[in-house]
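See below for input-v3.cif, which holds mmCIF, C-alpha atoms.
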```
data_input
#
loop_
_atom_site.label_atom_id
_atom_site.label_comp_id
_atom_site.auth_asym_id
_atom_site.auth_seq_id
_atom_site.Cartn_x
_atom_site.Cartn_y
_atom_site.Cartn_z
CA MET A 1 0.00 0.00 0.00
CA THR A 2 1.45 3.34 -1.04
CA THR A 3 1.64 5.77 1.86
CA ALA A 4 -0.40 8.92 1.39
CA PRO A 5 1.12 12.29 2.26
CA THR A 6 0.33 13.28 5.81
CA ASP A 7 -2.22 16.10 6.00
CA THR A 8 -1.35 18.05 9.17
CA ARG A 9 -4.59 20.02 8.87
CA ARG A 10 -6.73 17.02 9.78
CA SER A 11 -5.36 15.06 12.69
CA SER A 12 -7.18 12.05 14.12
CA ALA A 13 -7.94 14.02 17.28
CA SER A 14 -9.45 16.96 15.39
CA LEU A 15 -11.56 14.72 13.16
CA ILE A 16 -12.90 12.79 16.14
CA GLU A 17 -13.66 16.05 17.93
CA ALA A 18 -15.52 17.37 14.86
CA GLU A 19 -17.85 14.36 14.87
CA ALA A 20 -19.11 14.80 18.42
CA PRO A 21 -21.60 17.68 17.99
CA VAL A 22 -23.10 16.48 14.69
CA LEU A 23 -23.01 12.67 14.73
CA ALA A 24 -25.39 10.44 16.69
CA HIS A 25 -23.55 8.79 19.58
CA ASN A 26 -24.82 5.27 18.92
CA TYR A 27 -21.28 3.88 18.54
CA HIS A 28 -18.18 4.03 20.69
CA PRO A 29 -15.38 3.49 18.17
CA LEU A 30 -11.74 3.02 18.99
CA PRO A 31 -9.91 6.36 18.63
CA VAL A 32 -8.44 5.64 15.19
CA VAL A 33 -9.39 7.53 12.01
CA ILE A 34 -8.83 5.38 8.95
CA SER A 35 -8.30 7.08 5.62
CA ARG A 36 -6.81 4.38 3.37
CA ALA A 37 -6.77 0.60 3.19
CA GLU A 38 -5.58 -2.29 1.08
CA GLY A 39 -5.78 -6.01 1.78
CA VAL A 40 -5.50 -6.63 5.52
CA TRP A 41 -3.87 -3.27 6.24
CA VAL A 42 -5.45 0.10 7.02
CA GLU A 43 -3.81 3.47 7.48
CA ASP A 44 -4.89 6.42 9.62
CA VAL A 45 -4.72 10.08 8.67
CA GLU A 46 -1.28 10.42 10.24
CA GLY A 47 0.03 7.55 8.13
CA ARG A 48 0.17 4.89 10.88
CA ARG A 49 -0.56 1.38 9.61
CA TYR A 50 -2.63 -1.26 11.39
CA LEU A 51 -3.51 -4.89 10.81
CA ASP A 52 -7.30 -5.08 10.48
CA MET A 53 -8.25 -8.12 12.55
CA LEU A 54 -11.98 -7.33 12.53
CA ALA A 55 -12.70 -7.02 8.80
CA GLY A 56 -15.91 -5.07 9.32
CA TYR A 57 -17.46 -7.93 11.33
CA SER A 58 -16.91 -10.16 8.25
CA ALA A 59 -18.06 -7.56 5.71
CA LEU A 60 -14.45 -7.50 4.48
CA ASN A 61 -13.85 -11.23 4.15
CA PHE A 62 -11.84 -10.59 0.98
CA GLY A 63 -9.86 -7.72 2.42
CA HIS A 64 -10.00 -4.04 1.62
CA ARG A 65 -10.29 -3.17 -2.06
CA HIS A 66 -9.85 -6.68 -3.45
CA PRO A 67 -8.76 -6.14 -7.09
CA ALA A 68 -11.40 -8.42 -8.64
CA LEU A 69 -14.19 -6.76 -6.66
CA ILE A 70 -12.97 -3.22 -7.35
CA GLU A 71 -12.74 -4.05 -11.06
CA ALA A 72 -16.30 -5.41 -11.07
CA ALA A 73 -17.56 -2.27 -9.32
CA HIS A 74 -15.71 0.10 -11.66
CA ARG A 75 -16.97 -1.74 -14.73
CA GLN A 76 -20.56 -1.54 -13.49
CA LEU A 77 -20.26 2.10 -12.44
CA ASP A 78 -19.42 2.94 -16.04
CA ALA A 79 -22.57 1.20 -17.29
CA LEU A 80 -25.54 1.24 -14.90
CA THR A 81 -25.98 1.62 -11.14
CA LEU A 82 -29.71 1.63 -10.37
CA THR A 83 -32.99 0.85 -12.09
CA SER A 84 -35.20 -0.08 -9.11
CA ARG A 85 -37.10 -3.34 -9.48
CA ALA A 86 -39.70 -1.55 -11.61
CA PHE A 87 -37.61 -2.81 -14.55
CA HIS A 88 -35.38 -5.77 -15.29
CA HIS A 89 -31.63 -5.27 -15.62
CA ASP A 90 -28.92 -7.39 -17.16
CA ARG A 91 -27.00 -8.36 -13.99
CA LEU A 92 -29.64 -9.66 -11.58
CA GLY A 93 -30.38 -13.07 -13.05
CA GLN A 94 -26.70 -13.95 -13.17
CA PHE A 95 -26.23 -12.93 -9.53
CA ALA A 96 -29.27 -14.84 -8.29
CA GLY A 97 -28.37 -17.96 -10.22
CA ALA A 98 -24.78 -17.97 -9.01
CA LEU A 99 -25.77 -17.41 -5.38
CA ALA A 100 -28.45 -20.11 -5.47
CA GLU A 101 -25.92 -22.57 -6.90
CA LEU A 102 -23.29 -21.64 -4.30
CA THR A 103 -25.69 -22.25 -1.41
CA GLY A 104 -27.42 -25.32 -2.83
CA LEU A 105 -30.86 -23.71 -2.67
CA ASP A 106 -33.24 -22.52 -5.38
CA MET A 107 -34.35 -18.90 -5.26
CA VAL A 108 -32.94 -15.56 -4.10
CA LEU A 109 -34.59 -12.47 -2.64
CA PRO A 110 -31.98 -9.67 -2.90
CA MET A 111 -31.94 -6.98 -0.24
CA ASN A 112 -29.34 -4.52 1.11
CA THR A 113 -28.49 -4.91 4.78
CA GLY A 114 -28.28 -7.88 7.09
CA ALA A 115 -31.18 -6.63 9.17
CA GLU A 116 -33.30 -6.36 6.01
CA ALA A 117 -32.46 -9.98 5.19
CA VAL A 118 -33.57 -11.07 8.67
CA GLU A 119 -36.78 -9.04 8.48
CA SER A 120 -37.46 -10.50 5.04
CA GLY A 121 -36.84 -14.01 6.34
CA ILE A 122 -39.32 -13.44 9.17
CA LYS A 123 -41.98 -12.17 6.77
CA LEU A 124 -41.35 -15.07 4.41
CA ALA A 125 -41.67 -17.62 7.24
CA ARG A 126 -44.92 -16.13 8.51
CA LYS A 127 -46.47 -16.03 5.04
CA TRP A 128 -45.41 -19.63 4.41
CA ALA A 129 -46.90 -20.66 7.76
CA TYR A 130 -50.31 -19.17 6.93
CA GLU A 131 -50.53 -20.18 3.30
CA VAL A 132 -48.75 -23.55 3.28
CA LYS A 133 -48.64 -24.94 6.82
CA GLY A 134 -52.11 -23.67 7.69
CA VAL A 135 -51.37 -21.77 10.90
CA PRO A 136 -54.42 -19.68 11.93
CA ALA A 137 -54.21 -16.00 11.02
CA ASP A 138 -51.89 -13.87 13.16
CA GLN A 139 -50.85 -16.81 15.37
CA ALA A 140 -47.53 -17.75 13.77
CA THR A 141 -44.56 -18.01 16.13
CA ILE A 142 -40.83 -18.17 15.50
CA VAL A 143 -38.41 -19.87 17.88
CA VAL A 144 -35.14 -18.01 18.48
CA ALA A 145 -32.11 -18.51 20.70
CA GLY A 146 -30.97 -16.57 23.74
CA GLY A 147 -27.87 -14.46 23.20
CA ASN A 148 -28.81 -13.91 19.58
CA PHE A 149 -27.83 -10.95 17.44
CA HIS A 150 -29.78 -10.59 14.20
CA GLY A 151 -29.88 -6.81 13.79
CA ARG A 152 -31.26 -3.59 15.22
CA THR A 153 -34.76 -3.10 13.81
CA THR A 154 -37.74 -2.88 16.14
CA THR A 155 -38.92 -6.39 15.30
CA ILE A 156 -35.46 -7.91 15.72
CA ILE A 157 -34.70 -6.29 19.07
CA SER A 158 -38.09 -7.55 20.25
CA PHE A 159 -36.58 -11.02 20.53
CA SER A 160 -33.15 -9.91 21.76
CA ASP A 161 -32.19 -10.43 25.39
CA ASP A 162 -29.57 -7.67 25.25
CA GLU A 163 -31.15 -4.98 27.42
CA GLU A 164 -28.86 -2.30 26.02
CA ALA A 165 -30.30 -3.00 22.57
CA ARG A 166 -33.91 -3.26 23.84
CA ALA A 167 -34.37 -0.67 26.56
CA ASN A 168 -36.82 2.13 25.77
CA PHE A 169 -37.52 0.97 22.21
CA GLY A 170 -40.86 -0.70 22.95
CA PRO A 171 -43.61 -1.65 22.41
CA TYR A 172 -42.11 -4.88 21.13
CA THR A 173 -43.26 -7.12 18.29
CA PRO A 174 -44.91 -10.34 19.52
CA GLY A 175 -44.66 -13.79 17.99
CA PHE A 176 -41.26 -15.04 19.19
CA ARG A 177 -40.25 -17.72 21.69
CA THR A 178 -36.74 -17.64 23.09
CA VAL A 179 -34.91 -20.78 24.20
CA PRO A 180 -31.32 -21.23 25.38
CA TYR A 181 -28.80 -21.56 22.57
CA ASN A 182 -27.33 -25.04 22.12
CA ASP A 183 -30.22 -26.67 24.01
CA LEU A 184 -32.03 -29.04 21.66
CA ALA A 185 -34.50 -30.26 24.29
CA ALA A 186 -35.65 -26.71 25.02
CA LEU A 187 -35.93 -25.94 21.32
CA GLU A 188 -38.02 -29.03 20.63
CA ALA A 189 -40.29 -28.21 23.58
CA ALA A 190 -40.92 -24.71 22.22
CA ILE A 191 -42.07 -25.93 18.80
CA ASP A 192 -45.81 -26.47 18.34
CA ASP A 193 -48.45 -26.27 15.63
CA THR A 194 -48.09 -22.47 15.42
CA THR A 195 -44.34 -22.56 14.78
CA ALA A 196 -43.44 -21.08 11.42
CA ALA A 197 -39.67 -21.35 11.81
CA VAL A 198 -36.64 -21.75 14.00
CA LEU A 199 -34.24 -18.83 13.42
CA ILE A 200 -30.70 -19.27 14.70
CA GLU A 201 -27.10 -18.32 14.04
CA PRO A 202 -25.02 -21.45 13.35
CA ILE A 203 -22.33 -19.67 15.40
CA GLN A 204 -23.29 -16.70 17.55
CA GLY A 205 -20.95 -13.87 16.60
CA GLU A 206 -21.92 -10.87 18.74
CA ALA A 207 -22.25 -13.12 21.78
CA GLY A 208 -18.54 -13.90 21.54
CA VAL A 209 -18.23 -16.52 18.76
CA ILE A 210 -20.27 -19.12 20.60
CA ILE A 211 -19.98 -22.49 18.83
CA PRO A 212 -22.69 -25.07 19.55
CA ASP A 213 -22.00 -28.71 20.36
CA ASP A 214 -21.47 -31.14 17.52
CA GLY A 215 -24.87 -32.40 16.43
CA TYR A 216 -26.81 -29.31 17.48
CA LEU A 217 -27.40 -27.99 13.96
CA ALA A 218 -28.30 -31.46 12.72
CA GLY A 219 -30.71 -31.71 15.64
CA VAL A 220 -32.32 -28.39 14.70
CA ARG A 221 -32.72 -29.63 11.15
CA ALA A 222 -34.32 -32.88 12.32
CA ALA A 223 -36.65 -31.12 14.78
CA THR A 224 -37.90 -28.61 12.21
CA SER A 225 -38.43 -31.32 9.61
CA ARG A 226 -40.50 -33.40 12.04
CA ALA A 227 -42.63 -30.41 13.02
CA ASN A 228 -43.12 -29.12 9.47
CA CYS A 229 -41.57 -25.74 10.19
CA LEU A 230 -38.69 -23.91 8.55
CA PHE A 231 -35.05 -23.89 9.60
CA ILE A 232 -33.70 -20.37 8.96
CA ALA A 233 -29.92 -20.05 9.33
CA ASP A 234 -28.56 -16.54 9.85
CA GLU A 235 -25.17 -16.81 8.11
CA ILE A 236 -24.68 -13.05 7.80
CA GLN A 237 -21.48 -13.15 9.87
CA SER A 238 -20.61 -16.86 9.76
CA GLY A 239 -21.11 -17.42 6.04
CA LEU A 240 -19.13 -16.95 2.85
CA GLY A 241 -15.87 -18.57 3.86
CA ARG A 242 -15.38 -17.24 7.40
CA THR A 243 -15.35 -20.62 9.18
CA GLY A 244 -13.41 -22.59 6.58
CA THR A 245 -16.48 -23.65 4.61
CA THR A 246 -18.77 -21.63 2.38
CA LEU A 247 -21.47 -21.78 5.06
CA ALA A 248 -21.07 -22.64 8.73
CA VAL A 249 -23.91 -25.18 8.52
CA GLU A 250 -21.70 -27.25 6.22
CA HIS A 251 -19.66 -28.36 9.24
CA GLU A 252 -22.62 -30.63 10.01
CA ARG A 253 -23.69 -31.21 6.40
CA VAL A 254 -26.98 -29.46 7.13
CA VAL A 255 -29.13 -27.73 4.50
CA PRO A 256 -31.59 -25.20 5.98
CA ASP A 257 -34.81 -24.18 4.26
CA VAL A 258 -33.76 -20.53 4.30
CA ILE A 259 -30.28 -18.96 4.51
CA LEU A 260 -29.73 -15.29 5.34
CA LEU A 261 -26.61 -13.68 3.89
CA GLY A 262 -25.09 -10.20 3.99
CA LYS A 263 -21.89 -8.43 5.01
CA ALA A 264 -19.24 -10.20 2.88
CA LEU A 265 -21.73 -10.52 0.01
CA GLY A 266 -21.08 -6.84 -0.76
CA GLY A 267 -17.32 -7.31 -0.90
CA GLY A 268 -16.74 -4.36 1.43
CA ILE A 269 -17.90 -2.05 -1.38
CA VAL A 270 -21.69 -1.79 -1.25
CA PRO A 271 -24.31 -3.16 1.15
CA VAL A 272 -25.69 -6.41 -0.29
CA SER A 273 -27.81 -9.00 1.47
CA ALA A 274 -30.02 -11.85 0.39
CA VAL A 275 -32.55 -14.40 1.51
CA VAL A 276 -31.91 -17.73 -0.25
CA ALA A 277 -34.58 -20.39 0.07
CA ARG A 278 -36.20 -23.52 -1.28
CA ARG A 279 -38.51 -22.82 -4.19
CA GLU A 280 -41.61 -24.01 -2.30
CA VAL A 281 -40.90 -21.45 0.42
CA MET A 282 -39.91 -18.45 -1.70
CA SER A 283 -42.82 -18.99 -4.07
CA VAL A 284 -45.30 -17.70 -1.48
CA LEU A 285 -44.16 -14.15 -2.31
CA GLY A 286 -46.02 -12.44 -5.12
CA PRO A 287 -45.69 -9.04 -6.82
CA GLY A 288 -46.19 -6.11 -4.49
CA GLN A 289 -45.90 -8.18 -1.31
CA HIS A 290 -42.29 -7.31 -0.46
CA GLY A 291 -39.52 -5.27 -2.01
CA SER A 292 -36.73 -2.73 -1.83
CA THR A 293 -35.81 0.14 -4.14
CA PHE A 294 -32.11 -0.68 -3.94
CA GLY A 295 -32.40 -4.44 -3.41
CA GLY A 296 -30.68 -6.28 -6.25
CA ASN A 297 -29.52 -3.08 -7.95
CA PRO A 298 -27.04 -3.49 -10.84
CA LEU A 299 -24.00 -2.36 -8.86
CA ALA A 300 -24.84 -4.69 -5.98
CA ALA A 301 -25.51 -7.57 -8.37
CA ALA A 302 -22.20 -7.04 -10.16
CA VAL A 303 -20.20 -6.98 -6.94
CA GLY A 304 -22.19 -9.87 -5.47
CA THR A 305 -21.55 -11.98 -8.56
CA ALA A 306 -17.82 -11.26 -8.27
CA VAL A 307 -17.93 -12.33 -4.60
CA VAL A 308 -19.59 -15.62 -5.55
CA ASP A 309 -16.98 -16.12 -8.26
CA LEU A 310 -14.20 -15.78 -5.67
CA LEU A 311 -15.85 -18.38 -3.45
CA THR A 312 -16.57 -20.84 -6.23
CA THR A 313 -12.93 -21.94 -6.41
CA GLY A 314 -12.87 -22.93 -2.73
CA GLU A 315 -9.55 -21.14 -2.28
CA PHE A 316 -10.72 -18.78 0.44
CA GLN A 317 -12.51 -21.51 2.35
CA SER A 318 -9.41 -23.71 2.34
CA HIS A 319 -7.18 -20.83 3.39
CA ALA A 320 -9.50 -20.00 6.30
CA ALA A 321 -9.50 -23.64 7.38
CA ASP A 322 -5.72 -23.92 7.19
CA LEU A 323 -4.97 -20.65 8.99
CA GLY A 324 -7.73 -21.46 11.45
CA LYS A 325 -5.42 -24.16 12.79
CA VAL A 326 -2.67 -21.57 13.24
CA LEU A 327 -5.11 -19.26 15.03
CA HIS A 328 -6.32 -22.06 17.31
CA SER A 329 -2.75 -23.09 18.14
CA GLY A 330 -1.67 -19.52 18.88
CA LEU A 331 -4.61 -18.92 21.18
CA THR A 332 -4.02 -22.24 22.94
CA ASP A 333 -0.51 -21.04 23.76
CA LEU A 334 -2.02 -17.96 25.45
CA LEU A 335 -4.33 -19.93 27.76
CA GLY A 336 -3.40 -19.15 31.34
CA LYS A 337 -1.32 -16.20 30.14
CA GLY A 338 -4.12 -13.65 30.16
CA VAL A 339 -6.57 -15.70 28.11
CA THR A 340 -9.04 -17.61 30.27
CA ALA A 341 -10.91 -19.29 27.38
CA PHE A 342 -11.46 -18.96 23.67
CA ARG A 343 -13.66 -20.34 20.89
CA SER A 344 -12.56 -20.47 17.27
CA ARG A 345 -13.61 -21.91 13.96
CA GLY A 346 -11.76 -21.04 10.78
CA LEU A 347 -10.58 -17.44 10.92
CA TRP A 348 -13.02 -16.41 13.64
CA ALA A 349 -12.41 -16.34 17.37
CA GLY A 350 -13.94 -15.07 20.58
CA ILE A 351 -11.29 -14.61 23.26
CA ASP A 352 -12.09 -14.22 26.96
CA ILE A 353 -9.51 -12.06 28.69
CA ASP A 354 -8.71 -12.29 32.39
CA PRO A 355 -10.71 -9.36 33.84
CA ALA A 356 -7.80 -8.59 36.14
CA LEU A 357 -5.89 -7.43 33.05
CA GLY A 358 -8.64 -5.06 31.91
CA THR A 359 -11.85 -4.93 29.96
CA GLY A 360 -12.14 -5.98 26.36
CA ARG A 361 -12.15 -2.30 25.47
CA THR A 362 -8.89 -1.76 27.35
CA ILE A 363 -7.22 -4.69 25.60
CA SER A 364 -8.49 -3.45 22.23
CA GLU A 365 -6.97 -0.02 22.87
CA ARG A 366 -3.65 -1.59 23.88
CA LEU A 367 -3.64 -3.70 20.74
CA MET A 368 -4.32 -0.57 18.70
CA SER A 369 -1.11 0.91 20.10
CA GLU A 370 0.62 -2.26 18.86
CA GLY A 371 -0.75 -1.71 15.36
CA VAL A 372 -3.55 -4.29 15.54
CA LEU A 373 -7.27 -3.48 15.35
CA VAL A 374 -9.85 -5.70 17.09
CA LYS A 375 -13.14 -5.01 18.86
CA ASP A 376 -14.50 -5.98 22.24
CA THR A 377 -17.87 -7.48 23.08
CA HIS A 378 -19.57 -8.33 26.35
CA GLY A 379 -17.11 -7.18 28.97
CA SER A 380 -13.73 -8.88 28.73
CA THR A 381 -14.20 -10.69 25.43
CA ILE A 382 -12.55 -9.62 22.18
CA ARG A 383 -13.23 -10.95 18.69
CA LEU A 384 -10.83 -11.71 15.88
CA ALA A 385 -12.17 -11.96 12.34
CA PRO A 386 -9.38 -10.98 9.94
CA PRO A 387 -9.81 -10.84 6.18
CA LEU A 388 -9.54 -14.29 4.61
CA THR A 389 -6.64 -12.92 2.58
CA ILE A 390 -4.39 -12.68 5.65
CA THR A 391 -1.05 -14.49 5.47
CA GLU A 392 0.30 -16.80 8.15
CA HIS A 393 3.01 -14.24 8.95
CA GLU A 394 0.45 -11.47 9.40
CA LEU A 395 -1.70 -13.71 11.59
CA THR A 396 1.21 -14.69 13.83
CA THR A 397 2.23 -11.03 14.01
CA ALA A 398 -1.20 -10.19 15.41
CA LEU A 399 -1.07 -13.09 17.88
CA ALA A 400 2.37 -11.97 19.03
CA ALA A 401 0.99 -8.48 19.65
CA LEU A 402 -1.82 -9.97 21.72
CA GLY A 403 0.74 -11.91 23.73
CA ARG A 404 2.73 -8.74 24.43
CA VAL A 405 -0.38 -6.84 25.50
CA LEU A 406 -1.42 -9.59 27.87
CA ALA A 407 2.06 -9.90 29.32
#
```
Could you show the structure in this file as structure tokens?
Amino acid sequence: MTTAPTDTRRSSASLIEAEAPVLAHNYHPLPVVISRAEGVWVEDVEGRRYLDMLAGYSALNFGHRHPALIEAAHRQLDALTLTSRAFHHDRLGQFAGALAELTGLDMVLPMNTGAEAVESGIKLARKWAYEVKGVPADQATIVVAGGNFHGRTTTIISFSDDEEARANFGPYTPGFRTVPYNDLAALEAAIDDTTAAVLIEPIQGEAGVIIPDDGYLAGVRAATSRANCLFIADEIQSGLGRTGTTLAVEHERVVPDVILLGKALGGGIVPVSAVVARREVMSVLGPGQHGSTFGGNPLAAAVGTAVVDLLTTGEFQSHAADLGKVLHSGLTDLLGKGVTAFRSRGLWAGIDIDPALGTGRTISERLMSEGVLVKDTHGSTIRLAPPLTITEHELTTALAALGRVLA
């Protein structure tokens, strides 16, 4: 990455200070102001370089400004960016077909953000329940897991148990039953004739990369099949190569009825999300019953197709699986040396830090001073989710920095 000339007129401190009076305070970012990026590296306005070990919560699975994705975006920008779905355009069918083939399902509903994909999945499940399963009007329920994170809309926070996300945003949307994550017996007990779907994350990201027991996902699939309800897998963070497979459900050879995708689907360039489903499920939607002005726009479709093309070779999945072993080994070496526990799969890890050494925020700030960017969650836990383009040397460099901070 070529270093940009330092602009002394806009320091990180002054830019952060300028935000305060005009920007909503709904985030608490680390005090770094990024102005350039390439691959796994970002650079602040003073020219300091950092290893990005968060990758936009998996939105940057292919690194910053991946050449194939940038080329696809530039090419589309020179041709057509938006039509709305009032008209057809020449990129959408290719994108939908490629994504359906990649996931092993049949039909695609393109949207923009992850939360939109979740909302769309909820609507789809309810409509299917009334029109196909025969649930009485307005009685459909959806079973969800405790500790979930599916987004920030009013409906989604209605079934969150994170009080910081819920407090003072009511009244809440009814129709959800929460059971403990990784508890098959509780999940099966919550399913009844009104159940439209079970909606879960195959791995809970925001909760600290919580990985269920072997057999849990297969058990969810079996339970939903027996009860004639849908299995909706939220793969917005876990999908598209992050865990060493295209989808996290592949670790148990499970095929859900509905898969929710986002983040990495936009290649770190534009927001792209999608609901991918079996034909019998998606076919309940008719014209005028759901939509989005920007959903499936030409620019998004072009970038999304390029993302699918990158994943089709299996190269990124294999790399994440291989370096996942390096990550697991490096974190194992830190157990008892400031790390009390960790959970990892592929290039994704939740690391519990000894509270005596500081909060997750404190550790993140110390790592920033070492040139490594991560983010905390839930007290003394930090998450690592580097771009899938990271090299072994870069990964071990980040682990060494963590070791120094903890020591």
*Specify as a ChimeraX atom specification each residue included when the PyMOL selection byres ((chain A and resi 162-167) around 10) is applied to this file.*
/A:146-149,151-154,156-161,168-172,207
Take the residues that were just selected and, keeping C-alpha atoms, output them as an mmCIF file, keeping the file's coordinate frame.
```
data_model
loop_
_atom_site.group_PDB
_atom_site.id
_atom_site.type_symbol
_atom_site.label_atom_id
_atom_site.label_comp_id
_atom_site.auth_asym_id
_atom_site.auth_seq_id
_atom_site.Cartn_x
_atom_site.Cartn_y
_atom_site.Cartn_z
ATOM 1 C CA GLY A 146 -30.970 -16.570 23.740
ATOM 2 C CA GLY A 147 -27.870 -14.460 23.200
ATOM 3 C CA ASN A 148 -28.810 -13.910 19.580
ATOM 4 C CA PHE A 149 -27.830 -10.950 17.440
ATOM 5 C CA GLY A 151 -29.880 -6.810 13.790
ATOM 6 C CA ARG A 152 -31.260 -3.590 15.220
ATOM 7 C CA THR A 153 -34.760 -3.100 13.810
ATOM 8 C CA THR A 154 -37.740 -2.880 16.140
ATOM 9 C CA ILE A 156 -35.460 -7.910 15.720
ATOM 10 C CA ILE A 157 -34.700 -6.290 19.070
ATOM 11 C CA SER A 158 -38.090 -7.550 20.250
ATOM 12 C CA PHE A 159 -36.580 -11.020 20.530
ATOM 13 C CA SER A 160 -33.150 -9.910 21.760
ATOM 14 C CA ASP A 161 -32.190 -10.430 25.390
ATOM 15 C CA ASN A 168 -36.820 2.130 25.770
ATOM 16 C CA PHE A 169 -37.520 0.970 22.210
ATOM 17 C CA GLY A 170 -40.860 -0.700 22.950
ATOM 18 C CA PRO A 171 -43.610 -1.650 22.410
ATOM 19 C CA TYR A 172 -42.110 -4.880 21.130
ATOM 20 C CA ALA A 207 -22.250 -13.120 21.780
#
```
*Output check: residues returned by the PyMOL selection byres ((chain A and resi 114) around 8), as an MDAnalysis selection string*: chainID A and resid 112:113 115:118 150:151 236 260:263 272:274
File of the preceding selection, C-alpha atoms, as a CSV table (one decimal), keeping the file's coordinate frame:
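Final file, part-v6.csv:
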```
chain,number,residue,atom,x,y,z
A,112,ASN,CA,-29.3,-4.5,1.1
A,113,THR,CA,-28.5,-4.9,4.8
A,115,ALA,CA,-31.2,-6.6,9.2
A,116,GLU,CA,-33.3,-6.4,6.0
A,117,ALA,CA,-32.5,-10.0,5.2
A,118,VAL,CA,-33.6,-11.1,8.7
A,150,HIS,CA,-29.8,-10.6,14.2
A,151,GLY,CA,-29.9,-6.8,13.8
A,236,ILE,CA,-24.7,-13.0,7.8
A,260,LEU,CA,-29.7,-15.3,5.3
A,261,LEU,CA,-26.6,-13.7,3.9
A,262,GLY,CA,-25.1,-10.2,4.0
A,263,LYS,CA,-21.9,-8.4,5.0
A,272,VAL,CA,-25.7,-6.4,-0.3
A,273,SER,CA,-27.8,-9.0,1.5
A,274,ALA,CA,-30.0,-11.8,0.4
```
*Kindly provide, as a list in words, the polymer residues lying within 12 Å of (-26.7, -32.5, 14.2), counting only C-alpha atoms and using the coordinates exactly as they appear in the file.*
Asn182, Asp183, Leu184, Pro202, Pro212, Asp213, Asp214, Gly215, Tyr216, Leu217, Ala218, Gly219, Val220, Arg221, Ala222, Ala223, Val249, Glu250, His251, Glu252, Arg253, Val254 and Val255 of chain A
_Selected residue of minimal separation from Ser58 of chain A among A:Thr381, A:Ser120, A:Ser84, A:Ser238, counting only C-alpha atoms_ = A:Ser238
Applied to the shown file, which residues does the PyMOL selection byres ((chain A and resi 398) around 12) return, written as a CSV table (one decimal) with C-alpha atoms, keeping the file's coordinate frame?
```csv
chain,number,residue,atom,x,y,z
A,40,VAL,CA,-5.5,-6.6,5.5
A,41,TRP,CA,-3.9,-3.3,6.2
A,50,TYR,CA,-2.6,-1.3,11.4
A,51,LEU,CA,-3.5,-4.9,10.8
A,52,ASP,CA,-7.3,-5.1,10.5
A,53,MET,CA,-8.2,-8.1,12.6
A,54,LEU,CA,-12.0,-7.3,12.5
A,326,VAL,CA,-2.7,-21.6,13.2
A,327,LEU,CA,-5.1,-19.3,15.0
A,330,GLY,CA,-1.7,-19.5,18.9
A,331,LEU,CA,-4.6,-18.9,21.2
A,367,LEU,CA,-3.6,-3.7,20.7
A,368,MET,CA,-4.3,-0.6,18.7
A,370,GLU,CA,0.6,-2.3,18.9
A,371,GLY,CA,-0.8,-1.7,15.4
A,372,VAL,CA,-3.6,-4.3,15.5
A,373,LEU,CA,-7.3,-3.5,15.4
A,374,VAL,CA,-9.8,-5.7,17.1
A,384,LEU,CA,-10.8,-11.7,15.9
A,385,ALA,CA,-12.2,-12.0,12.3
A,386,PRO,CA,-9.4,-11.0,9.9
A,390,ILE,CA,-4.4,-12.7,5.6
A,391,THR,CA,-1.0,-14.5,5.5
A,392,GLU,CA,0.3,-16.8,8.2
A,393,HIS,CA,3.0,-14.2,9.0
A,394,GLU,CA,0.4,-11.5,9.4
A,395,LEU,CA,-1.7,-13.7,11.6
A,396,THR,CA,1.2,-14.7,13.8
A,397,THR,CA,2.2,-11.0,14.0
A,399,LEU,CA,-1.1,-13.1,17.9
A,400,ALA,CA,2.4,-12.0,19.0
A,401,ALA,CA,1.0,-8.5,19.6
A,402,LEU,CA,-1.8,-10.0,21.7
A,403,GLY,CA,0.7,-11.9,23.7
A,404,ARG,CA,2.7,-8.7,24.4
A,405,VAL,CA,-0.4,-6.8,25.5
```
*Might you pull out every residue within 10 Å of Ile210 of chain A, with only C-alpha atoms counted and same-chain residues fewer than 4 positions away left off, and present them as a list in words?*
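Here the qualifying residues turn out to be Gly147, Tyr181, Asn182, Glu201, Pro202, Ile203, Gln204, Gly205, Glu206, Phe342, Arg343, Ser344, Arg345, Ala349 and Gly350 of chain A.
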_Ranking A:Leu334, A:Ile142, A:Ala86, A:Val303 by minimum distance to Arg65 of chain A and counting only C-alpha atoms, which one comes first?_
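Checking each candidate against Arg65 of chain A, we get A:Val303 as the closest.
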Near segment 312-321 of chain A, counting all atoms listed in the file, which residues have an atom at most 8 Å away, once you skip same-chain residues fewer than 6 positions from it, shown as a CSV table (one decimal) with C-alpha atoms, in the frame of the given file?
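Saved to part-v5.csv:
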```
chain,number,residue,atom,x,y,z
A,102,LEU,CA,-23.3,-21.6,-4.3
A,241,GLY,CA,-15.9,-18.6,3.9
A,242,ARG,CA,-15.4,-17.2,7.4
A,243,THR,CA,-15.4,-20.6,9.2
A,244,GLY,CA,-13.4,-22.6,6.6
A,245,THR,CA,-16.5,-23.6,4.6
A,246,THR,CA,-18.8,-21.6,2.4
A,345,ARG,CA,-13.6,-21.9,14.0
A,346,GLY,CA,-11.8,-21.0,10.8
A,347,LEU,CA,-10.6,-17.4,10.9
A,388,LEU,CA,-9.5,-14.3,4.6
A,389,THR,CA,-6.6,-12.9,2.6
```
*Which one of A:Ile122, A:Val209, A:Val270, A:Ala18 sits closest to Ala197 of chain A if you count all atoms listed in the file?*
A:Ile122
*By how many Å are atom CA of Glu17 of chain A and atom CA of Arg49 of chain A apart?*
21.4 Å
*Taking into account only C-alpha atoms, which residue in the set A:Ala301, A:Leu240, A:Val308, A:Ala189 is nearest to Leu60 of chain A?*
A:Leu240
